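Take a look at the structure below.
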Amino acid sequence: MAPLCSLLFNTAVIYLCLILKGVICKDTSAINKQIEQVYEYQDIANKIINFTTIGKGKGQVYTRLADFVDTFGSRIAGSKNLENAIDYMLNTMKKAGLENVHGENVTVPHWVRGNESATMLEPRHYKIAMMGLGSSIGTPEQGLTAEVLVVHSFDELTKKADQAKGKIVVFNQGYEGYPTSVAYRDYSAKETAKVGGVASLIRSVASFSIHSPHTGWQDYDDNIKKIPTACITVEDAEMLDRMANRGTKIVIRLKMDAKNLPPVTSRNTVAEIRGSKYPDEVVLISGHLDSWDVGQGAMDDGGGAFISWQALSIMQQLGLRPKRTVRAVLWTAEEVGLVGSQQYYQRHKVNISNYDFVMESDMGTFKPYGIQFKGSQDATAVMKEVVSLLSSINATTLSDDPEGGDVSFWIQNGVPGGSLLNENQRYFWFHHSDGDTMSVQSSYEMDLCVAVWTVVTYVIADLDEMLPR
Ligand SMILES: *[C@@H]1O[C@H](CO)[C@@H](O)[C@H](O)[C@H]1NC(C)=O
Ligand SMILES: [Zn+2]
């Protein structure tokens, strides 16, 4: 439609709506009012963006994350290191004057890797780069030596079931994106055990490799025998596949000391800026503080946790107190199955009607494009305007399908939710590997992420009304 036509048409529709209000048309006046209110925040948004990217806040988040990561290193659930890191966060946020800073107990699994190795004995002696998968049992002390069967899929394993008995099954599944390919990390052990295999080795679930194993949690089935399981590099998976193709006999000795110890008490780390007018209503922003026991957890998910802390810090430094409470939650034990966030949901869901909006960043803090959002059509219309406040840093995209993760419990139950849309094509290069270090992070890009996170959070928390459901 030509602009004038469209204007006339819209005007006509609005009048019709006013006339028929409550009869046929939905009352759109409340939503239009909220959208108009969002426009009033452009000056505050600019102030946040400038403070964070060129003002006093510039570089803060990177410096804070680097201090943290260099001090504590990796932080797996169950470890003393994670608890020390949580203590540090609680002390630092308290000292900085954030409000209601506290830990909330969570019972978490305690898996310990121990020493581990995979040695190819035939056709030649070769040390295979490997990492046990989280929750895997260990091998007998002397190791487990067996011939190898290479497959590319669960279907192929089913077809070759009669060849799998007593073998170490190597999965050289291709990379078809994380959500699809991660099934091999999750279930290779149980599928291998079903057909009588003695251990499974998966090709790392990674989009790129310089001979790096990428670990992660895996799931046994209580009714199926538990066998040791580990990941190997893309390069070695391909080599073993080529050898098997030639009909070469491959023998591997797998040694893993891995143990599942009794659960321990960890904590979700909580800090707030209390709302000035509706302190019981909450905008929750988050990332997870735990990491794998390899690498440094700078990207997964130091970045997400620290932009959530930094959003509070920026509001505090600018003297911005929204009408509703902004709560940062730094989850514990995400990597071992969303354990911290699930227990948090169980404890707090009784107040679900007070949760205005929930977000997590756990897919990188690279150059931000905007927000991935899930909510009603009305909430989406409001969010579109909120991200439009970010035009000066080109982060105005509102896409659907937020990652969910730790905040999925809330989103599934009707709370509007979001995640950080960012240029994360390299995320699975580093994910769950020794390559997850501060060198992945860019100070400038992290500042942009903080600006997005803070503007979106502040504006929603300060609107007269909660987002429509
Ligand atoms: C949290 O766990 C610690 C350590 O196990 C315990 O001392 C404390 O009493 C617990 N706090 C609450 C509120 O349950
Ligand atoms: Zn993560």
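Each chain of the structure tokens is named A, B, ... in the order shown, its residues numbered from 1; ligands are numbered from 1 in display order.
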
With a distance cut-off of 8 Å and only C-alpha atoms, select the neighbouring residues of Leu65 of chain A, excluding the residue or stretch itself and same-chain residues fewer than 6 positions from it, and output the selection as a PyMOL selection string.
chain A and resi 298+302-303+306

Just the selected residues (all heavy atoms), exported as a PDB file, in the first residue's frame, please.
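Once written, result_34.pdb looks like this:
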```
ATOM      1  N   ALA A 298      35.638 -18.973  29.742  1.00  0.00           N
ATOM      2  CA  ALA A 298      35.570 -17.521  29.506  1.00  0.00           C
ATOM      3  C   ALA A 298      34.396 -17.193  28.592  1.00  0.00           C
ATOM      4  O   ALA A 298      33.691 -16.208  28.775  1.00  0.00           O
ATOM      5  CB  ALA A 298      36.870 -17.035  28.875  1.00  0.00           C
ATOM      6  N   GLY A 302      31.327 -17.546  31.003  1.00  0.00           N
ATOM      7  CA  GLY A 302      31.799 -16.345  31.692  1.00  0.00           C
ATOM      8  C   GLY A 302      31.208 -15.087  31.078  1.00  0.00           C
ATOM      9  O   GLY A 302      30.755 -14.182  31.789  1.00  0.00           O
ATOM     10  N   GLY A 303      31.177 -15.036  29.762  1.00  0.00           N
ATOM     11  CA  GLY A 303      30.659 -13.852  29.066  1.00  0.00           C
ATOM     12  C   GLY A 303      29.215 -13.559  29.430  1.00  0.00           C
ATOM     13  O   GLY A 303      28.860 -12.423  29.766  1.00  0.00           O
ATOM     14  N   PHE A 306      28.857 -12.486  33.085  1.00  0.00           N
ATOM     15  CA  PHE A 306      29.415 -11.165  33.393  1.00  0.00           C
ATOM     16  C   PHE A 306      28.671 -10.015  32.728  1.00  0.00           C
ATOM     17  O   PHE A 306      28.624  -8.920  33.276  1.00  0.00           O
ATOM     18  CB  PHE A 306      30.932 -11.147  33.092  1.00  0.00           C
ATOM     19  CG  PHE A 306      31.728 -11.588  34.288  1.00  0.00           C
ATOM     20  CD1 PHE A 306      31.516 -12.839  34.864  1.00  0.00           C
ATOM     21  CD2 PHE A 306      32.660 -10.748  34.882  1.00  0.00           C
ATOM     22  CE1 PHE A 306      32.218 -13.242  35.995  1.00  0.00           C
ATOM     23  CE2 PHE A 306      33.369 -11.150  36.015  1.00  0.00           C
ATOM     24  CZ  PHE A 306      33.146 -12.394  36.571  1.00  0.00           C
TER      25      PHE A 306
END
```

If you count only C-alpha atoms, which residues fall within 9 Å of Asp356 of chain A, apart from same-chain ones fewer than 6 positions away, as a list in words?
Glu281, Val282, Val283, Leu284, Arg324, Val415, Pro416, Gly417, Ile460, Ala461, Met466, Leu467, Pro468 and Arg469 of chain A

Of the listed residues A:Lys374, A:Asp186, A:Pro213, A:Ser266, that which approaches ligand 1 most closely, counting only C-alpha atoms and all ligand atoms
A:Ser266

Could you please extract the residues within 7 Å of ligand 2, counting only C-alpha atoms and all ligand atoms, and hand them back as a PyMOL selection string?
chain A and resi 288+300-301+334-335+362-363

Taking only C-alpha atoms and all ligand atoms into account, which residues are within 9 Å of ligand 1, as JSON, numbers by chain?
{"A": [103, 104, 105, 106, 107, 264, 265, 266, 267]}

Filtering to N, CA, C and O atoms, could you give me those residues as a PDB file, in the first residue's frame?
```pdb
ATOM      1  N   GLY A 103      23.559 -16.213  47.985  1.00  0.00           N
ATOM      2  CA  GLY A 103      23.585 -17.499  47.298  1.00  0.00           C
ATOM      3  C   GLY A 103      22.350 -18.296  47.676  1.00  0.00           C
ATOM      4  O   GLY A 103      21.821 -18.131  48.770  1.00  0.00           O
ATOM      5  N   GLU A 104      21.877 -19.112  46.750  1.00  0.00           N
ATOM      6  CA  GLU A 104      20.753 -20.011  47.052  1.00  0.00           C
ATOM      7  C   GLU A 104      21.208 -21.438  46.800  1.00  0.00           C
ATOM      8  O   GLU A 104      21.611 -21.782  45.681  1.00  0.00           O
ATOM      9  N   ASN A 105      21.129 -22.252  47.846  1.00  0.00           N
ATOM     10  CA  ASN A 105      21.669 -23.612  47.771  1.00  0.00           C
ATOM     11  C   ASN A 105      21.066 -24.449  46.649  1.00  0.00           C
ATOM     12  O   ASN A 105      19.870 -24.384  46.390  1.00  0.00           O
ATOM     13  N   VAL A 106      21.907 -25.230  46.040  1.00  0.00           N
ATOM     14  CA  VAL A 106      21.489 -26.156  44.986  1.00  0.00           C
ATOM     15  C   VAL A 106      22.287 -27.453  45.179  1.00  0.00           C
ATOM     16  O   VAL A 106      23.492 -27.403  45.405  1.00  0.00           O
ATOM     17  N   THR A 107      21.631 -28.578  45.089  1.00  0.00           N
ATOM     18  CA  THR A 107      22.331 -29.858  45.147  1.00  0.00           C
ATOM     19  C   THR A 107      22.765 -30.239  43.737  1.00  0.00           C
ATOM     20  O   THR A 107      21.935 -30.289  42.835  1.00  0.00           O
ATOM     21  N   VAL A 264      26.945 -32.642  45.874  1.00  0.00           N
ATOM     22  CA  VAL A 264      27.387 -31.638  46.850  1.00  0.00           C
ATOM     23  C   VAL A 264      26.475 -30.413  46.765  1.00  0.00           C
ATOM     24  O   VAL A 264      25.692 -30.271  45.826  1.00  0.00           O
ATOM     25  N   THR A 265      26.609 -29.534  47.755  1.00  0.00           N
ATOM     26  CA  THR A 265      25.819 -28.302  47.756  1.00  0.00           C
ATOM     27  C   THR A 265      26.586 -27.201  47.042  1.00  0.00           C
ATOM     28  O   THR A 265      27.722 -26.908  47.383  1.00  0.00           O
ATOM     29  N   SER A 266      25.971 -26.629  46.024  1.00  0.00           N
ATOM     30  CA  SER A 266      26.523 -25.450  45.369  1.00  0.00           C
ATOM     31  C   SER A 266      25.499 -24.322  45.540  1.00  0.00           C
ATOM     32  O   SER A 266      24.568 -24.454  46.368  1.00  0.00           O
ATOM     33  N   ARG A 267      25.642 -23.242  44.795  1.00  0.00           N
ATOM     34  CA  ARG A 267      24.724 -22.110  44.955  1.00  0.00           C
ATOM     35  C   ARG A 267      24.469 -21.402  43.627  1.00  0.00           C
ATOM     36  O   ARG A 267      25.395 -21.235  42.835  1.00  0.00           O
TER      37      ARG A 267
END
```

Using only C-alpha atoms, which residues sit within 6 Å of segment 401-405 of chain A once same-chain residues fewer than 5 positions away are excluded, as a ChimeraX atom specification?
/A:372-373,418-419

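The nearest approach to Lys58 of chain A among the residues A:Met438, A:Val382, A:Ile314, A:Ile232, with only C-alpha atoms taken into account, belongs to A:Ile314.
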
Atom CA of Cys449 of chain A and atom CA of Ala395 of chain A are how many Å apart?
9.1 Å
